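Peer 1: Sharing target_34.tsv, TSV, C-alpha atoms:
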```
chain	number	residue	atom	x	y	z
A	1	MET	CA	78.40	103.80	99.09
A	2	SER	CA	82.09	103.18	98.48
A	3	LYS	CA	83.63	100.27	100.33
A	4	THR	CA	87.14	101.68	100.00
A	5	ASP	CA	88.78	104.34	102.15
A	6	ARG	CA	90.71	107.28	100.67
A	7	GLY	CA	91.79	108.56	104.07
A	8	ARG	CA	90.89	111.65	106.07
A	9	PHE	CA	91.33	115.20	104.88
A	10	LEU	CA	91.84	118.20	107.16
A	11	GLU	CA	88.13	119.02	107.52
A	12	ASP	CA	87.37	115.41	108.57
A	13	PHE	CA	89.21	115.75	111.90
A	14	ARG	CA	87.52	116.91	115.12
A	15	LEU	CA	89.26	118.18	118.24
A	16	GLY	CA	89.14	115.66	121.06
A	17	GLU	CA	88.09	112.67	118.96
A	18	THR	CA	89.80	109.33	119.44
A	19	LEU	CA	90.84	107.35	116.38
A	20	ILE	CA	91.01	103.59	116.86
A	21	HIS	CA	93.61	102.26	114.43
A	22	ALA	CA	92.95	99.00	112.65
A	23	VAL	CA	94.90	95.74	112.56
A	24	PRO	CA	96.76	94.89	115.78
A	25	ARG	CA	100.12	93.38	114.93
A	26	THR	CA	102.03	90.58	116.63
A	27	ILE	CA	105.76	91.29	116.45
A	28	THR	CA	107.83	88.17	115.89
A	29	SER	CA	111.50	87.20	115.85
A	30	GLY	CA	111.25	87.45	112.05
A	31	ASP	CA	110.43	91.16	112.36
A	32	VAL	CA	113.42	91.59	114.66
A	33	ALA	CA	115.74	89.84	112.19
A	34	LEU	CA	114.44	91.94	109.31
A	35	TYR	CA	114.86	95.14	111.35
A	36	THR	CA	118.50	94.17	111.97
A	37	ALA	CA	119.00	93.44	108.27
A	38	LEU	CA	117.56	96.83	107.31
A	39	TYR	CA	119.51	98.99	109.74
A	40	GLY	CA	122.47	96.98	111.03
A	41	SER	CA	121.68	97.87	114.64
A	42	ARG	CA	124.10	96.13	117.04
A	43	PHE	CA	123.13	97.33	120.53
A	44	ALA	CA	123.74	94.33	122.77
A	45	LEU	CA	120.62	94.62	124.95
A	46	PHE	CA	118.38	94.12	121.89
A	47	ALA	CA	120.61	91.57	120.15
A	48	SER	CA	121.24	88.96	122.83
A	49	ASP	CA	118.86	87.14	125.18
A	50	SER	CA	121.72	86.11	127.47
A	51	PHE	CA	123.04	89.68	127.65
A	52	ALA	CA	119.55	90.97	128.47
A	53	ARG	CA	119.03	88.27	131.12
A	54	SER	CA	122.34	89.20	132.76
A	55	MET	CA	120.85	92.68	133.17
A	56	GLY	CA	117.65	91.48	134.82
A	57	LEU	CA	115.28	91.23	131.87
A	58	PRO	CA	113.53	88.02	130.76
A	59	GLY	CA	115.15	88.22	127.33
A	60	ALA	CA	116.11	90.69	124.66
A	61	PRO	CA	113.40	93.32	124.25
A	62	LEU	CA	112.57	94.84	120.89
A	63	ASP	CA	114.55	97.89	119.88
A	64	PRO	CA	112.31	100.79	120.98
A	65	LEU	CA	112.43	102.25	117.47
A	66	LEU	CA	110.94	99.05	116.03
A	67	VAL	CA	108.10	99.58	118.51
A	68	PHE	CA	107.81	103.23	117.45
A	69	HIS	CA	107.60	102.39	113.74
A	70	SER	CA	105.06	99.63	114.32
A	71	VAL	CA	102.79	101.94	116.30
A	72	PHE	CA	103.36	104.86	113.90
A	73	GLY	CA	102.41	102.67	110.94
A	74	LYS	CA	99.07	101.83	112.58
A	75	SER	CA	98.20	105.54	112.64
A	76	VAL	CA	98.99	106.36	109.00
A	77	PRO	CA	95.69	105.30	107.36
A	78	ASP	CA	93.70	107.43	109.82
A	79	VAL	CA	96.01	110.42	110.25
A	80	SER	CA	98.44	110.95	107.40
A	81	LEU	CA	97.28	109.08	104.32
A	82	ASN	CA	96.61	112.48	102.67
A	83	ALA	CA	99.59	114.21	104.23
A	84	VAL	CA	101.91	116.60	102.48
A	85	ALA	CA	104.61	116.17	105.13
A	86	ASN	CA	105.15	114.83	108.63
A	87	LEU	CA	106.33	117.93	110.49
A	88	GLY	CA	107.52	116.96	113.94
A	89	TYR	CA	107.40	114.96	117.16
A	90	ALA	CA	107.25	115.80	120.88
A	91	GLU	CA	106.66	114.24	124.30
A	92	GLY	CA	107.57	110.73	123.12
A	93	ARG	CA	107.98	108.29	126.01
A	94	PHE	CA	108.76	104.57	125.83
A	95	LEU	CA	106.81	103.30	128.80
A	96	ALA	CA	107.48	99.55	128.95
A	97	PRO	CA	109.60	97.03	127.05
A	98	VAL	CA	108.05	94.99	124.23
A	99	TYR	CA	109.12	91.42	123.48
A	100	SER	CA	108.89	89.10	120.51
A	101	GLY	CA	105.40	87.61	120.55
A	102	ASP	CA	103.73	90.72	121.93
A	103	THR	CA	100.83	92.24	119.99
A	104	LEU	CA	100.72	95.99	119.46
A	105	SER	CA	97.65	98.13	118.84
A	106	ALA	CA	97.25	101.90	118.75
A	107	THR	CA	94.85	104.81	119.16
A	108	SER	CA	95.29	108.53	118.53
A	109	GLU	CA	93.60	111.55	120.07
A	110	VAL	CA	93.26	114.69	117.95
A	111	ILE	CA	94.79	117.41	120.14
A	112	GLY	CA	95.11	120.27	117.65
A	113	LEU	CA	94.04	121.64	114.27
A	114	LYS	CA	95.12	124.66	112.26
A	115	GLU	CA	94.34	125.63	108.67
A	116	ASN	CA	97.20	127.08	106.65
A	117	SER	CA	96.90	130.51	105.04
A	118	ASN	CA	96.76	128.98	101.54
A	119	GLY	CA	93.38	127.42	102.38
A	120	ARG	CA	94.41	124.14	100.74
A	121	THR	CA	96.23	122.45	103.62
A	122	GLY	CA	96.51	122.56	107.39
A	123	VAL	CA	98.15	120.93	110.37
A	124	VAL	CA	96.71	118.08	112.44
A	125	TYR	CA	98.17	117.39	115.90
A	126	VAL	CA	97.63	113.94	117.43
A	127	ARG	CA	98.77	112.07	120.51
A	128	THR	CA	99.25	108.40	119.66
A	129	THR	CA	99.39	105.62	122.25
A	130	GLY	CA	100.63	102.09	121.60
A	131	ARG	CA	99.49	99.21	123.82
A	132	ASN	CA	100.37	95.56	124.18
A	133	GLN	CA	98.02	92.60	124.27
A	134	ASP	CA	97.34	93.16	127.98
A	135	GLY	CA	96.22	96.74	127.39
A	136	ALA	CA	99.36	98.20	129.00
A	137	ASP	CA	100.70	101.41	127.46
A	138	VAL	CA	104.13	100.86	125.92
A	139	LEU	CA	104.57	104.12	123.99
A	140	SER	CA	103.04	107.59	123.82
A	141	TYR	CA	104.03	110.47	121.57
A	142	ALA	CA	102.66	113.60	119.92
A	143	ARG	CA	103.19	114.41	116.27
A	144	TRP	CA	101.91	116.98	113.83
A	145	VAL	CA	101.42	116.56	110.14
A	146	MET	CA	100.43	118.79	107.23
A	147	VAL	CA	97.29	117.39	105.59
A	148	ARG	CA	95.44	118.36	102.42
A	149	LYS	CA	91.88	119.69	102.41
A	150	ARG	CA	89.25	118.04	100.22
A	151	ASP	CA	87.08	121.15	100.08
A	152	THR	CA	88.91	124.48	100.28
A	153	ASP	CA	85.71	126.16	101.53
A	154	ALA	CA	85.21	123.77	104.46
A	155	ALA	CA	85.50	125.29	107.94
A	156	VAL	CA	88.23	123.94	110.24
A	157	GLU	CA	88.47	124.27	114.01
A	158	THR	CA	91.58	126.02	115.30
A	159	HIS	CA	93.58	124.99	118.35
A	160	VAL	CA	97.36	124.70	118.62
A	161	PRO	CA	98.36	122.60	121.65
A	162	GLU	CA	101.17	123.51	124.02
A	163	LEU	CA	103.77	120.75	123.96
A	164	ALA	CA	106.76	120.39	126.26
A	165	ALA	CA	110.19	121.19	124.84
A	166	SER	CA	111.53	117.96	126.35
A	167	VAL	CA	110.65	115.03	128.57
A	168	PRO	CA	112.21	115.57	132.03
A	169	ALA	CA	114.89	113.02	132.90
A	170	ALA	CA	113.05	112.23	136.12
A	171	GLY	CA	110.06	111.16	134.02
A	172	LEU	CA	111.91	108.56	131.97
A	173	ALA	CA	110.62	105.01	132.35
A	174	VAL	CA	113.29	102.41	133.17
A	175	PRO	CA	112.25	98.86	132.21
A	176	GLN	CA	111.20	96.90	135.27
A	177	GLY	CA	114.02	94.68	136.50
A	178	LEU	CA	116.73	96.34	134.39
A	179	SER	CA	120.03	96.61	136.26
A	180	ALA	CA	123.39	97.67	134.89
A	181	ALA	CA	125.30	96.08	137.78
A	182	ALA	CA	126.38	93.21	135.53
A	183	PHE	CA	126.85	95.28	132.37
A	184	ASP	CA	129.76	93.82	130.39
A	185	PRO	CA	131.40	96.60	128.34
A	186	ALA	CA	133.51	94.15	126.31
A	187	LEU	CA	130.42	92.27	125.12
A	188	ALA	CA	128.63	95.56	124.49
A	189	GLY	CA	131.54	96.77	122.38
A	190	THR	CA	132.38	99.90	124.37
A	191	ARG	CA	134.91	101.39	126.77
A	192	HIS	CA	132.70	104.34	127.63
A	193	PHE	CA	130.17	104.82	130.41
A	194	TRP	CA	127.73	107.57	131.30
A	195	GLU	CA	130.43	109.53	133.13
A	196	ASP	CA	132.62	109.68	130.01
A	197	TYR	CA	130.23	111.91	128.05
A	198	GLU	CA	130.10	115.68	128.48
A	199	ALA	CA	127.51	118.24	127.47
A	200	GLY	CA	128.61	119.99	124.28
A	201	GLU	CA	130.64	117.01	123.05
A	202	ARG	CA	130.09	116.05	119.42
A	203	ILE	CA	130.57	112.51	118.16
A	204	ASP	CA	131.07	111.68	114.49
A	205	HIS	CA	129.62	108.19	113.98
A	206	VAL	CA	131.97	107.80	110.98
A	207	ASP	CA	130.19	105.15	108.95
A	208	GLY	CA	127.69	105.68	106.14
A	209	MET	CA	124.83	103.57	104.81
A	210	THR	CA	123.34	103.85	101.32
A	211	ILE	CA	119.57	103.51	100.98
A	212	GLU	CA	118.48	100.89	98.47
A	213	GLU	CA	115.11	101.14	96.73
A	214	ALA	CA	113.92	97.70	97.80
A	215	GLU	CA	114.99	98.21	101.42
A	216	HIS	CA	113.08	101.38	102.17
A	217	ARG	CA	109.93	100.05	100.50
A	218	LEU	CA	110.27	96.80	102.43
A	219	ALA	CA	110.57	98.76	105.67
A	220	THR	CA	107.45	100.79	104.86
A	221	ARG	CA	105.44	97.63	104.32
A	222	LEU	CA	106.92	95.98	107.42
A	223	TYR	CA	105.34	98.70	109.56
A	224	HIS	CA	101.97	98.61	107.70
A	225	ASN	CA	102.63	102.20	106.61
A	226	THR	CA	100.15	102.79	103.78
A	227	ALA	CA	101.29	106.27	102.67
A	228	ARG	CA	101.60	105.99	98.90
A	229	VAL	CA	104.48	108.51	98.76
A	230	HIS	CA	106.77	105.77	100.05
A	231	PHE	CA	105.96	102.89	97.69
A	232	ASN	CA	103.69	103.80	94.75
A	233	SER	CA	105.99	105.04	92.00
A	234	HIS	CA	103.19	105.20	89.43
A	235	ALA	CA	101.14	107.60	91.57
A	236	GLU	CA	104.15	109.72	92.47
A	237	ARG	CA	105.46	110.39	88.94
A	238	GLY	CA	103.32	113.48	88.56
A	239	GLU	CA	103.76	114.72	92.12
A	240	ARG	CA	106.23	117.20	93.57
A	241	PHE	CA	109.32	114.97	93.60
A	242	GLY	CA	108.36	112.67	90.75
A	243	ARG	CA	109.41	109.58	92.68
A	244	CYS	CA	108.90	107.87	96.02
A	245	ILE	CA	110.41	109.47	99.10
A	246	VAL	CA	111.86	107.41	101.93
A	247	TYR	CA	109.77	107.06	105.10
A	248	GLY	CA	111.27	109.44	107.66
A	249	GLY	CA	111.38	106.75	110.33
A	250	HIS	CA	113.68	104.75	108.06
A	251	ILE	CA	116.20	107.61	108.36
A	252	ILE	CA	115.76	107.70	112.14
A	253	SER	CA	116.64	104.01	112.43
A	254	LEU	CA	119.55	104.28	109.99
A	255	ALA	CA	121.02	107.18	111.97
A	256	HIS	CA	120.45	105.43	115.28
A	257	GLY	CA	122.05	102.24	113.98
A	258	LEU	CA	125.08	104.23	112.86
A	259	SER	CA	125.32	105.81	116.33
A	260	PHE	CA	126.55	102.49	117.72
A	261	ASN	CA	130.02	103.70	116.74
A	262	GLY	CA	130.49	106.12	119.62
A	263	LEU	CA	127.44	105.22	121.73
A	264	ALA	CA	127.65	101.41	121.87
A	265	GLY	CA	126.82	101.35	125.58
A	266	SER	CA	123.33	102.74	124.97
A	267	LEU	CA	120.50	100.75	126.53
A	268	GLY	CA	117.93	102.15	124.17
A	269	VAL	CA	115.98	105.27	123.32
A	270	ALA	CA	113.93	106.22	126.38
A	271	ALA	CA	112.22	109.34	125.00
A	272	ILE	CA	111.82	111.46	121.88
A	273	ASN	CA	111.86	115.10	122.94
A	274	ALA	CA	111.57	116.66	119.52
A	275	GLY	CA	112.25	115.80	115.93
A	276	ARG	CA	112.19	117.24	112.46
A	277	HIS	CA	112.60	115.70	109.02
A	278	VAL	CA	114.53	118.57	107.51
A	279	ALA	CA	114.63	117.35	103.90
A	280	PRO	CA	113.45	114.29	101.95
A	281	CYS	CA	115.59	111.28	101.12
A	282	PHE	CA	115.49	109.01	98.10
A	283	ALA	CA	116.92	105.66	97.09
A	284	GLY	CA	120.61	106.06	96.33
A	285	ASP	CA	121.25	108.60	99.09
A	286	THR	CA	123.93	107.68	101.62
A	287	ILE	CA	123.19	108.52	105.25
A	288	TYR	CA	125.85	109.64	107.74
A	289	ALA	CA	125.21	110.70	111.33
A	290	TRP	CA	126.63	112.57	114.30
A	291	SER	CA	125.43	113.25	117.84
A	292	GLU	CA	125.79	116.16	120.21
A	293	ILE	CA	125.52	115.55	123.94
A	294	LEU	CA	122.96	118.08	125.14
A	295	GLU	CA	122.70	117.00	128.75
A	296	ARG	CA	123.91	114.32	131.14
A	297	ALA	CA	121.34	113.58	133.85
A	298	ALA	CA	121.28	111.32	136.89
A	299	LEU	CA	118.18	109.19	137.40
A	300	PRO	CA	116.40	109.38	140.78
A	301	GLY	CA	117.34	106.46	142.99
A	302	ARG	CA	119.64	104.82	140.43
A	303	SER	CA	123.38	104.44	140.92
A	304	ASP	CA	123.71	101.99	138.01
A	305	LEU	CA	122.11	104.02	135.23
A	306	GLY	CA	122.17	107.56	133.92
A	307	ALA	CA	120.56	109.34	131.00
A	308	LEU	CA	122.10	111.18	128.07
A	309	ARG	CA	120.11	113.70	126.07
A	310	LEU	CA	121.36	113.60	122.50
A	311	ARG	CA	120.83	115.63	119.39
A	312	LEU	CA	121.12	113.10	116.55
A	313	ILE	CA	121.76	114.64	113.14
A	314	ALA	CA	121.59	112.71	109.87
A	315	ALA	CA	123.06	114.06	106.64
A	316	LYS	CA	122.88	112.63	103.13
A	317	ASP	CA	125.88	112.19	100.86
A	318	ARG	CA	128.14	114.09	103.23
A	319	PRO	CA	130.36	112.57	105.94
A	320	CYS	CA	129.91	114.27	109.30
A	321	HIS	CA	133.51	114.78	110.41
A	322	ASP	CA	132.95	118.54	110.15
A	323	PHE	CA	129.47	118.29	111.75
A	324	PRO	CA	127.15	119.79	109.12
A	325	ASP	CA	124.55	121.70	111.08
A	326	GLN	CA	123.00	125.13	110.64
A	327	ILE	CA	124.31	127.97	108.50
A	328	GLY	CA	122.73	131.28	109.42
A	329	THR	CA	119.03	130.67	109.93
A	330	GLY	CA	118.79	127.53	107.78
A	331	TYR	CA	120.14	123.99	107.82
A	332	ASP	CA	123.14	122.85	105.86
A	333	PRO	CA	121.73	121.44	102.59
A	334	ALA	CA	122.96	117.95	103.50
A	335	VAL	CA	120.99	117.69	106.76
A	336	VAL	CA	117.88	115.49	106.55
A	337	LEU	CA	117.08	114.75	110.22
A	338	ASP	CA	117.36	116.66	113.50
A	339	LEU	CA	116.24	114.44	116.41
A	340	ASP	CA	116.36	115.19	120.15
A	341	ILE	CA	116.26	112.00	122.27
A	342	TRP	CA	117.05	110.60	125.70
A	343	THR	CA	118.99	107.34	125.93
A	344	LEU	CA	119.86	105.24	129.00
A	345	MET	CA	123.52	104.51	129.69
A	346	PRO	CA	125.31	102.34	132.32
A	347	ARG	CA	127.33	104.12	134.99
A	348	ARG	CA	130.88	103.09	135.80
A	349	GLY	CA	131.21	100.87	138.85
A	350	ALA	CA	127.44	100.26	138.92
A	351	THR	CA	126.10	98.33	141.89
```
Step by step, read the file and then write its structure as C-alpha cells.
Peer 2:
Amino acid sequence: MSKTDRGRFLEDFRLGETLIHAVPRTITSGDVALYTALYGSRFALFASDSFARSMGLPGAPLDPLLVFHSVFGKSVPDVSLNAVANLGYAEGRFLAPVYSGDTLSATSEVIGLKENSNGRTGVVYVRTTGRNQDGADVLSYARWVMVRKRDTDAAVETHVPELAASVPAAGLAVPQGLSAAAFDPALAGTRHFWEDYEAGERIDHVDGMTIEEAEHRLATRLYHNTARVHFNSHAERGERFGRCIVYGGHIISLAHGLSFNGLAGSLGVAAINAGRHVAPCFAGDTIYAWSEILERAALPGRSDLGALRLRLIAAKDRPCHDFPDQIGTGYDPAVVLDLDIWTLMPRRGAT
C-alpha cells in the first residue's frame, strides 16, 4: 500500500461528503510582513495597530485575502491537486476578523459534480469553511474546479448546485466593535468616502506590478498550496503551457493591492460574489487593474459604514486607462481576472 498521496480524481468525490483538510496553520506577523512584501498592500486598517484600535478593534486584523489564500491552500491537496483549472467562486463571506497568532483550519463539503462531455474531466463544486482556533467560522465560500478522471469509464454522480449571483449587502458581516466614527482620511491616504462613489463609475488604478518568478512561487508555498502547476517546472515542461502558471489568488491580491490608488478608504473585502480567472499568468507578466462600481449599498443600522460592490478587473501587459473589458462575446485578450466583491467603506460625517 502506497504511503504517498497523488490526490483525488473526479470519480473519487462523493456528493455530500466532508473533506477535513490537513495541517492547521498559525498565522504570524512574519506572514503579514511577507504578504505586504509580495503585494504592496497599504490599506491602513491592516497596516497599523493604532489605526485599527482607533476604529474599535483590538489591533490590526489580517487582510481578508491573506485569510482567503491560507484557507484555500488547505483545500488544494484534497480538492484540486489534479485540477485542470480553477473555474470560479461564489457566495464568499468573510465572517469574522483574524489576527496574528490565530490558527486557521478548513473543511470542504462536496456540493456538486458533473462529468464533461469528453469523458476525461469534470467539475467538482465544494463549499469550503475556514475556522479559527476556537472553532469559530471566519470564512465560507463556494468554488468549482475542473478535475481529471483517473478512469475514463468510471461512473460519476451528477448534480449542479444553485449558487446565488451575489451576497446581499444586508448579509455582510461587519467586524465586531468596528466603528468608522474616528476614521482619519489623511492617515488612510484618501479624500473619498462611501458617498463619493457612484454606480457605473470606473476607476483606473494606474500603477502596474510585474510578477517575478521567485515571488509567485514563494506565495504558493506560503499558503501551503501544493498544486504542482505553480512551482514544479520539471513536471510542467511537457504540459499544456510548458512552464509554471501563477496561482490565481496571487493575481487577486496583486489587483487588490493596486486598487489602493482610487479605493484607499476601503476597510477590507467583505464578500466575494463571483470570480473568474479568465486567462493564465506567467512570470514576467505585468499586472494592471481597474474597478467598476456596481452598487452602493447602505448597511442596516449603520450610519458610519456603507458597502461598495466592485467589479475588479486585472489585465496583463496593458495599462487600464481605456478599461479593457469585453469585445463581443469574449474578453479582451489582456484580461486575466474578473472579480465581483463587496468592500466596506467609511461614510462622511460618521458618528
Peer 1: Which is closest to A:Arg318 among A:Glu198, A:Glu295, A:Asp285, A:Glu162, if we use all atoms listed in the file?
Peer 2: A:Asp285
Peer 1: Using all atoms listed in the file, find the one residue out of A:Ala283, A:Val206, A:Ala219, A:Leu10 that sits nearest to A:Ala314.
Peer 2: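 Of all the options, A:Val206 lies closest to A:Ala314.
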Peer 1: May I ask for the distance between atom CA of A:Gly262 and atom CA of A:Ser291, given in Å to one decimal place?
Peer 2: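 Going from atom CA of A:Gly262 over to atom CA of A:Ser291 covers 8.9 Å.
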Peer 1: I'd like the interatomic distance between atom CA of A:His21 and atom CA of A:Asn82, to a tenth of an Å.
Peer 2: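 Pair atom CA of A:His21 / atom CA of A:Asn82 returns 15.9 Å.
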Peer 1: Pick from A:Phe13, A:Phe231, A:Tyr141, A:Tyr197: nearest to A:Gly122, with all atoms listed in the file counted?
Peer 2: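 Counting all atoms listed in the file, the residue closest to A:Gly122 is A:Phe13.
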Peer 1: Within 9 Å of A:Ala315, counting all atoms listed in the file, which residues show up once you throw out same-chain ones fewer than 5 positions away? Write them as a list in words, please.
Peer 2: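 Listing them by chain and then by number gives Ala255, Thr286, Ile287, Tyr288, Ala289, Trp290, Cys320, Pro324, Asp325, Asp332, Pro333, Ala334, Val335, Val336 and Leu337 of chain A.
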Peer 1: Would you export the selected residues with C-alpha atoms as a PDB file, in the coordinates of the input, please?
Peer 2:
```pdb
ATOM      1  CA  ALA A 255     121.020 107.180 111.970  1.00  0.00           C
ATOM      2  CA  THR A 286     123.930 107.680 101.620  1.00  0.00           C
ATOM      3  CA  ILE A 287     123.190 108.520 105.250  1.00  0.00           C
ATOM      4  CA  TYR A 288     125.850 109.640 107.740  1.00  0.00           C
ATOM      5  CA  ALA A 289     125.210 110.700 111.330  1.00  0.00           C
ATOM      6  CA  TRP A 290     126.630 112.570 114.300  1.00  0.00           C
ATOM      7  CA  CYS A 320     129.910 114.270 109.300  1.00  0.00           C
ATOM      8  CA  PRO A 324     127.150 119.790 109.120  1.00  0.00           C
ATOM      9  CA  ASP A 325     124.550 121.700 111.080  1.00  0.00           C
ATOM     10  CA  ASP A 332     123.140 122.850 105.860  1.00  0.00           C
ATOM     11  CA  PRO A 333     121.730 121.440 102.590  1.00  0.00           C
ATOM     12  CA  ALA A 334     122.960 117.950 103.500  1.00  0.00           C
ATOM     13  CA  VAL A 335     120.990 117.690 106.760  1.00  0.00           C
ATOM     14  CA  VAL A 336     117.880 115.490 106.550  1.00  0.00           C
ATOM     15  CA  LEU A 337     117.080 114.750 110.220  1.00  0.00           C
TER      16      LEU A 337
END
```
Peer 1: For a quick check of understanding, using only C-alpha atoms, which of A:Leu267, A:Leu15, A:Val278, A:Ala173 has the smallest distance to A:Gly248?
Peer 2: A:Val278
Peer 1: Taking all atoms listed in the file into account, which of A:Glu212, A:Pro319, A:Thr128, A:Asn261 comes nearest A:Val76?
Peer 2: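 Selected residue with least distance to A:Val76: A:Thr128.
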Peer 1: May I have the residues within 10 Å of A:Gly7 as an MDAnalysis selection string, using all atoms listed in the file and disregarding those fewer than 5 positions away in the same chain?
Peer 2: chainID A and resid 12 76:83 227
Peer 1: Could you write those residues out with C-alpha atoms, as a PDB file, in the coordinates of the input?
Peer 2:
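Final output, saved to selection-v5.pdb:
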```pdb
ATOM      1  CA  ASP A  12      87.370 115.410 108.570  1.00  0.00           C
ATOM      2  CA  VAL A  76      98.990 106.360 109.000  1.00  0.00           C
ATOM      3  CA  PRO A  77      95.690 105.300 107.360  1.00  0.00           C
ATOM      4  CA  ASP A  78      93.700 107.430 109.820  1.00  0.00           C
ATOM      5  CA  VAL A  79      96.010 110.420 110.250  1.00  0.00           C
ATOM      6  CA  SER A  80      98.440 110.950 107.400  1.00  0.00           C
ATOM      7  CA  LEU A  81      97.280 109.080 104.320  1.00  0.00           C
ATOM      8  CA  ASN A  82      96.610 112.480 102.670  1.00  0.00           C
ATOM      9  CA  ALA A  83      99.590 114.210 104.230  1.00  0.00           C
ATOM     10  CA  ALA A 227     101.290 106.270 102.670  1.00  0.00           C
TER      11      ALA A 227
END
```
Peer 1: Could you work out how far atom CA of A:Asp304 lies from atom CA of A:Ala181, giving the answer in Å with one decimal?
Peer 2: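 Going from atom CA of A:Ala181 over to atom CA of A:Asp304 covers 6.1 Å.
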Peer 1: Which of these residues is nearest to A:Gly59, using all atoms listed in the file: A:Ser100, A:Thr4, A:Ser253, A:Thr28?
Peer 2: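 Among the listed residues, the smallest separation from A:Gly59 belongs to A:Ser100.
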Peer 1: Give me the residues near A:His224 as a PDB file with C-alpha atoms, in the coordinates of the input, where near means some atom within 7 Å (using only C-alpha atoms) and where sequence neighbours in that chain fewer than 2 positions away do not count.
Peer 2:
```pdb
ATOM      1  CA  GLY A  73     102.410 102.670 110.940  1.00  0.00           C
ATOM      2  CA  LYS A  74      99.070 101.830 112.580  1.00  0.00           C
ATOM      3  CA  THR A 220     107.450 100.790 104.860  1.00  0.00           C
ATOM      4  CA  ARG A 221     105.440  97.630 104.320  1.00  0.00           C
ATOM      5  CA  LEU A 222     106.920  95.980 107.420  1.00  0.00           C
ATOM      6  CA  THR A 226     100.150 102.790 103.780  1.00  0.00           C
TER       7      THR A 226
END
```
Peer 1: Skipping near chain neighbours, those fewer than 5 positions away, what residues fall within 10 Å of A:Val110 using only C-alpha atoms, listed as a PyMOL selection string?
Peer 2: chain A and resi 13-19+79+124-128+142+144
Peer 1: Would you list the residues near (110.3, 89.1, 124.4) (no more than 9 Å away, in the coordinates of the file, using all atoms listed in the file) as a compact mmCIF listing (two decimals) with C-alpha atoms, in the frame of the given file?
Peer 2:
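point35.txt was written with the following content:
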```txt
# COMPACT_ATOMS: atom_id res chain seq x y z
CA THR A 28 107.83 88.17 115.89
CA SER A 29 111.50 87.20 115.85
CA ASP A 49 118.86 87.14 125.18
CA PRO A 58 113.53 88.02 130.76
CA GLY A 59 115.15 88.22 127.33
CA ALA A 60 116.11 90.69 124.66
CA PRO A 61 113.40 93.32 124.25
CA LEU A 62 112.57 94.84 120.89
CA PRO A 97 109.60 97.03 127.05
CA VAL A 98 108.05 94.99 124.23
CA TYR A 99 109.12 91.42 123.48
CA SER A 100 108.89 89.10 120.51
CA GLY A 101 105.40 87.61 120.55
CA ASP A 102 103.73 90.72 121.93
```
Peer 1: Neighbours of A:Ala274 within 6 Å (only C-alpha atoms; same-chain residues fewer than 2 positions away dropped), as an MDAnalysis selection string?
Peer 2: chainID A and resid 89:90 272 340
Peer 1: Deliver the residues from the most recent selection as a file, using C-alpha atoms, as a PDB file, in the frame of the given file.
Peer 2:
```pdb
ATOM      1  CA  TYR A  89     107.400 114.960 117.160  1.00  0.00           C
ATOM      2  CA  ALA A  90     107.250 115.800 120.880  1.00  0.00           C
ATOM      3  CA  ILE A 272     111.820 111.460 121.880  1.00  0.00           C
ATOM      4  CA  ASP A 340     116.360 115.190 120.150  1.00  0.00           C
TER       5      ASP A 340
END
```
